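Student: Here it is, the structure in full.
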Amino acid sequence: MRFPAPLVTLIRELGRLPGIGPKSAQRLAFHLFNRPTADVEALAQALLDAKHGLDRCPVCFHVKSKDAPLCAVCEDPRRDAALVCVVEQPADVLAIERSGAYQGRYHVLHGVLSPMHGVGPDELTLDALWVRLDGIEEVVLATSTTVEGEATAMYLARTLHERGVRTSRIAYGLPVGGDLEYADEVTLGQAISHRRPF
């Protein structure tokens with residue numbers, strides 16, 4: 001069965017979003033089709049407003065309002081300017097902020113090193129990080145535990161060590177409330193390796 005061209009275009013565009021496969025894109029397209037016009041227009045306007053009203057912070061590269069000079073974290077004088085947490089994406093900042101356990105500043109790379117995908121140091125915001133190092137006492141590496149995330153963390157740790165900056169890596173292992181018997185070997189191994197005094 002052939003779908004009308006506007007529906008095909010909508011499914012194709014929704015499918016370009018991260019984490020949305022063909023079936024999810026199709027389900028979303030039909031959901032939007034069945035919504036009242038006002039709801040769809042509100043969504044379209046929100047997308048346009050976000051695209052035109054947001055920008056990257058010139059210091060940390062987190063998301064900021066286009067009319068603000070800096071992001072909310074960089075503008076906050078209560079944050080520890082000598083402590084910088086390096087993350088892959090702006091969504092990682094939000095996740096760490098939800099924990100309430102971190103009071104330093106951030107630096108968003110907007111990706112990870114991935115030679116297979118043509119992403120080297122020049123494609124990330126590393127030059128801006130090197131400029132920020134003056135006055136920074138510690139850099140916390142909070143990249144993912146994927147192969148690319150680990151490679152990025154090792155590259156950063158080596159480079160920061162050469163520049164005389166203390167570096168730490170976030171701990172990882174078992175989730176709170178998780179059972180040992182259900183943990184995979186790698187996760188359990190990391191939890192044992194990164195144990196701390198109690």
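Labeling convention for the structure tokens: chains A, B, ... as they appear, residues from 1 per chain, ligands from 1 in order of appearance.
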Set the distance at 6 Å and use only C-alpha atoms: which residues neighbour stretch 106-111 of chain A once local chain neighbours fewer than 3 positions away are removed? I'd like the list as a list in words.
Tutor: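 Those residues are Cys60, Phe61, His62, Val84, Cys85, Val86, Val87, Glu88, Gln89, Leu124 and Thr125 of chain A.
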Student: With only C-alpha atoms as the counted atoms, please give the residues lying no more than 10 Å from A:Ala157, apart from itself and same-chain residues fewer than 2 positions off, as a compact mmCIF listing (two decimals) with N, CA and C atoms, in the first residue's frame.
Tutor:
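Contents of the output file selection_28.txt:
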```txt
# COMPACT_ATOMS: atom_id res chain seq x y z
N VAL A 139 39.49 18.07 36.55
CA VAL A 139 38.55 17.78 35.47
C VAL A 139 37.99 16.39 35.71
N VAL A 140 36.66 16.30 35.78
CA VAL A 140 35.98 15.02 35.97
C VAL A 140 35.53 14.53 34.60
N LEU A 141 35.96 13.35 34.22
CA LEU A 141 35.59 12.78 32.93
C LEU A 141 34.33 11.94 33.10
N ALA A 151 37.59 5.58 24.96
CA ALA A 151 38.74 6.09 24.20
C ALA A 151 38.86 7.61 24.37
N THR A 152 37.73 8.29 24.37
CA THR A 152 37.73 9.74 24.56
C THR A 152 38.24 10.09 25.96
N ALA A 153 37.79 9.35 26.97
CA ALA A 153 38.24 9.59 28.35
C ALA A 153 39.74 9.35 28.47
N MET A 154 40.25 8.30 27.84
CA MET A 154 41.70 8.02 27.92
C MET A 154 42.50 9.11 27.22
N TYR A 155 42.03 9.56 26.06
CA TYR A 155 42.70 10.65 25.34
C TYR A 155 42.73 11.91 26.19
N THR A 159 46.07 13.79 27.81
CA THR A 159 46.36 15.17 27.45
C THR A 159 46.32 16.09 28.67
N LEU A 160 45.33 15.90 29.54
CA LEU A 160 45.23 16.73 30.74
C LEU A 160 46.39 16.47 31.70
N HIS A 161 46.82 15.21 31.81
CA HIS A 161 47.98 14.87 32.64
C HIS A 161 49.23 15.59 32.13
N GLU A 162 49.40 15.60 30.80
CA GLU A 162 50.55 16.30 30.20
C GLU A 162 50.52 17.79 30.50
N ARG A 163 49.34 18.33 30.70
CA ARG A 163 49.19 19.76 30.99
C ARG A 163 49.16 20.02 32.50
N VAL A 165 47.02 18.89 34.86
CA VAL A 165 45.70 19.06 35.47
C VAL A 165 45.26 17.73 36.09
N ARG A 166 44.83 17.78 37.34
CA ARG A 166 44.33 16.58 38.01
C ARG A 166 43.05 16.12 37.32
N THR A 167 42.97 14.83 37.07
CA THR A 167 41.84 14.27 36.34
C THR A 167 41.25 13.11 37.12
N SER A 168 39.93 13.01 37.10
CA SER A 168 39.25 11.87 37.71
C SER A 168 38.21 11.36 36.73
N ARG A 169 37.75 10.15 36.97
CA ARG A 169 36.74 9.50 36.12
C ARG A 169 35.57 9.14 37.00
```
Student: If I take atom CA of A:Leu129 and atom CA of A:Gly164, how far is one from the other in Å, to one decimal?
Tutor: 14.0 Å
Student: As JSON, numbers by chain, list the residues of stretch 102-166 of chain A assigned to strand (DSSP E or B) by DSSP on the backbone atoms of this structure.
Tutor: {"A": [104, 105, 106, 107, 108, 114, 119, 138, 139, 140, 141, 166]}
Student: May I have the selected residues written with C-alpha atoms, as a tab-separated table (two decimals), in the first residue's frame?
Tutor:
```tsv
chain	number	residue	atom	x	y	z
A	104	GLY	CA	31.08	22.40	39.61
A	105	ARG	CA	30.92	23.61	36.01
A	106	TYR	CA	30.71	21.61	32.78
A	107	HIS	CA	32.25	21.25	29.36
A	108	VAL	CA	30.16	19.63	26.61
A	114	SER	CA	35.31	7.96	16.65
A	119	VAL	CA	35.31	12.26	14.41
A	138	GLU	CA	40.24	19.10	38.59
A	139	VAL	CA	38.55	17.78	35.47
A	140	VAL	CA	35.98	15.02	35.97
A	141	LEU	CA	35.59	12.78	32.93
A	166	ARG	CA	44.33	16.58	38.01
```
Student: Please extract the residues of stretch 4-193 of chain A with a backbone DSSP assignment of helix (DSSP H, G or I) and present them as a ChimeraX atom specification.
Tutor: /A:5-15,22-34,37-53,72-75,90-99,115-117,121-123,126-132,147-162,180-182,185-193
Student: What does the structure give for the distance between atom CA of A:Ile170 and atom CA of A:Ala142, in Å to one decimal?
Tutor: 5.6 Å
Student: Name all residues at most 12 Å from A:Ala50 (count only C-alpha atoms; drop same-chain ones fewer than 3 positions away) and give them as a list in words.
Tutor: Leu43, Ala44, Gln45, Ala46, Leu47, Gly53, Leu54, Asp55, Val63, Lys64, Ser65 and Lys66 of chain A
Student: Within 6 Å of stretch 172-175 of chain A, counting only C-alpha atoms, which residues show up once you throw out same-chain ones fewer than 3 positions away? Write them as a tab-separated table (two decimals) with C-alpha atoms, in the first residue's frame, please.
Tutor:
```tsv
chain	number	residue	atom	x	y	z
A	178	GLY	CA	20.22	-3.93	41.43
A	187	THR	CA	29.45	-4.20	34.88
A	190	GLN	CA	33.88	-2.56	36.90
A	191	ALA	CA	32.04	-2.39	40.22
```
Student: Which residue is closest to A:Glu150? Choose from A:Leu113, A:Val59, A:Phe33, A:Ala91 and count only C-alpha atoms.
Tutor: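 Distance minimum relative to A:Glu150 lands on A:Leu113.
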Student: Can you work out the spacing between atom CA of A:Ala81 and atom CA of A:Thr145 in Å, to one decimal?
Tutor: 25.9 Å
Student: Which neighbours of A:Phe30 fall inside 12 Å, counting only C-alpha atoms, when residues of the same chain fewer than 2 positions from it are skipped, and could you give them as a compact mmCIF listing (two decimals) with C-alpha atoms, in the first residue's frame?
Tutor:
```
# COMPACT_ATOMS: atom_id res chain seq x y z
CA PHE A 3 0.99 6.22 1.64
CA PRO A 6 3.05 14.16 3.00
CA LEU A 7 2.78 11.12 5.28
CA VAL A 8 5.82 9.48 3.69
CA LEU A 10 6.71 12.97 7.82
CA ILE A 11 7.67 9.35 8.54
CA LEU A 14 10.71 11.51 12.14
CA LYS A 23 8.09 1.56 13.08
CA SER A 24 8.32 4.25 15.76
CA ALA A 25 8.40 6.95 13.09
CA GLN A 26 5.29 5.50 11.50
CA ARG A 27 3.52 5.27 14.87
CA LEU A 28 4.42 8.90 15.68
CA LEU A 32 0.28 13.36 14.97
CA PHE A 33 -2.22 12.88 12.14
CA ASN A 34 -4.90 11.99 14.69
CA ARG A 35 -4.16 14.93 17.01
CA VAL A 40 0.32 19.77 15.96
```
